[in-house]
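Student: Quick one: the structure is below, questions incoming.
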Amino acid sequence: MINFAKFEIIGRIGEIDARPKVTLISICANYRRKGDDAEWVDDSYWNRVTVFGEGQRKHISDKAQVGDLVRIAGRLKDTSYERDGTTHYTTDRIVEEFGILAAKG
């Protein structure tokens, strides 16, 4: 039996931060919810994902731009680190699939 933790996001790119060995992308996903007056409102939520694969990083560098509608899927990984004597916990979203659904505009 295989156990796994996965995620999927469909949203628009807000920022692409290409670093030497990793690319970080901020994606805005919109959810509909009922507000206090029982009217539907959009609730935007920002997600940061991490891309390690060299081929995916090149594709993103060549083709993706801020504002593009994308579908991203991958695995979740909990990590921790120490800074100034305090332990910090994070959940990383590691990209395994990346696709541009519609260009900006």
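FYI, nothing fancy with the structure tokens labels: chains A, B, ... in order, residues from 1 per chain, ligands from 1 as they appear.
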Counting only C-alpha atoms, which residues of region 6-44 of chain A fall within 9 Å of region 55-62 of chain A, and what is the closest atom pair for each with its distance in Å at one decimal, ordered by chain and rising number, as a tab-separated table?

Tutor:
```
residue	atom	partner	partner_atom	distance
A:Ile16	CA	A:Ile60	CA	8.7
A:Ala18	CA	A:Ser61	CA	7.9
A:Val22	CA	A:Arg57	CA	7.7
A:Thr23	CA	A:Arg57	CA	6.5
```

Student: Rank nothing, just name the residue among A:Val51, A:Val66, A:Val41, A:Ala5 nearest to Gly105 (chain A), using only C-alpha atoms.

Tutor: A:Val66

Student: Tell me, as a compact mmCIF listing (two decimals) with C-alpha atoms, in the first residue's frame, which residues lie within 10 Å of region 70-80 of chain A, counting only C-alpha atoms; anything in the same chain fewer than 5 positions away does not count.

Tutor:
```txt
# COMPACT_ATOMS: atom_id res chain seq x y z
CA PHE A 4 1.00 9.97 0.26
CA ALA A 5 0.10 13.61 0.87
CA LYS A 6 -0.64 15.63 -2.27
CA PHE A 7 -1.96 19.05 -3.23
CA GLU A 8 -3.48 20.66 -6.33
CA ILE A 9 -3.84 24.38 -6.98
CA ILE A 10 -5.49 26.18 -9.89
CA GLY A 11 -4.81 29.89 -9.73
CA ARG A 12 -2.90 32.85 -11.12
CA ILE A 13 0.83 33.45 -10.71
CA ILE A 27 -0.17 31.41 -6.68
CA CYS A 28 -3.47 33.14 -5.90
CA VAL A 49 5.10 26.42 -4.03
CA THR A 50 8.65 25.16 -4.52
CA VAL A 51 10.07 23.86 -7.81
CA ALA A 64 5.41 31.33 -17.45
CA THR A 87 12.12 25.85 16.31
CA HIS A 88 10.04 26.88 13.29
CA TYR A 89 7.74 24.44 11.47
CA THR A 90 6.70 24.71 7.81
CA THR A 91 4.78 22.72 5.23
CA ASP A 92 6.43 22.79 1.82
CA ARG A 93 4.43 22.32 -1.38
CA ILE A 94 6.87 20.60 -3.75
CA VAL A 95 5.82 20.83 -7.40
CA GLU A 96 5.64 17.62 -9.44
CA GLU A 97 3.24 18.84 -12.17
CA PHE A 98 3.07 22.32 -13.69
CA GLY A 99 0.86 23.46 -16.56
CA ILE A 100 -0.20 26.81 -17.98
CA LEU A 101 -3.97 26.82 -18.56
CA ALA A 102 -4.31 30.36 -19.94
CA ALA A 103 -1.83 33.14 -20.60
```

Student: Applying 12 Å and only C-alpha atoms, which residues near Asp43 (chain A) remain after dropping the ones on its own chain fewer than 3 positions away? List them as a list of chain:residue names.

Tutor: A:Cys28, A:Ala29, A:Asn30, A:Tyr31, A:Arg32, A:Arg33, A:Lys34, A:Gly35, A:Trp40, A:Trp46

Student: Can you tell me how far CA of Asp42 (chain A) sits from CA of Lys104 (chain A), in Å to one decimal?

Tutor: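 Calculated distance between CA of Asp42 (chain A) and CA of Lys104 (chain A) is 19.8 Å.
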
Student: Taking the DSSP secondary structure from the backbone, can you list the residues of chain A that are strand (DSSP E or B), as JSON, numbers by chain?

Tutor: {"A": [6, 7, 8, 9, 10, 11, 12, 13, 14, 15, 16, 17, 18, 23, 24, 25, 26, 27, 28, 29, 30, 31, 32, 33, 34, 40, 41, 42, 43, 44, 45, 46, 47, 48, 49, 50, 51, 69, 70, 71, 72, 73, 74, 75, 76, 77, 78, 79, 80, 81, 82, 83, 86, 87, 88, 89, 90, 91, 92, 93, 94, 95, 96, 97, 98, 99, 100, 101, 102]}

Student: When you count only C-alpha atoms, which of these residues is closest to Arg48 (chain A): A:Glu82, A:Pro20, A:Gly14, A:Ser26?

Tutor: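 The answer is A:Ser26, which sits nearest to Arg48 (chain A).
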
Student: Among chain A, which ones does DSSP assign to alpha helix (DSSP H) (computed from the backbone)? Answer as number ranges by chain.

Tutor: A: 54-63
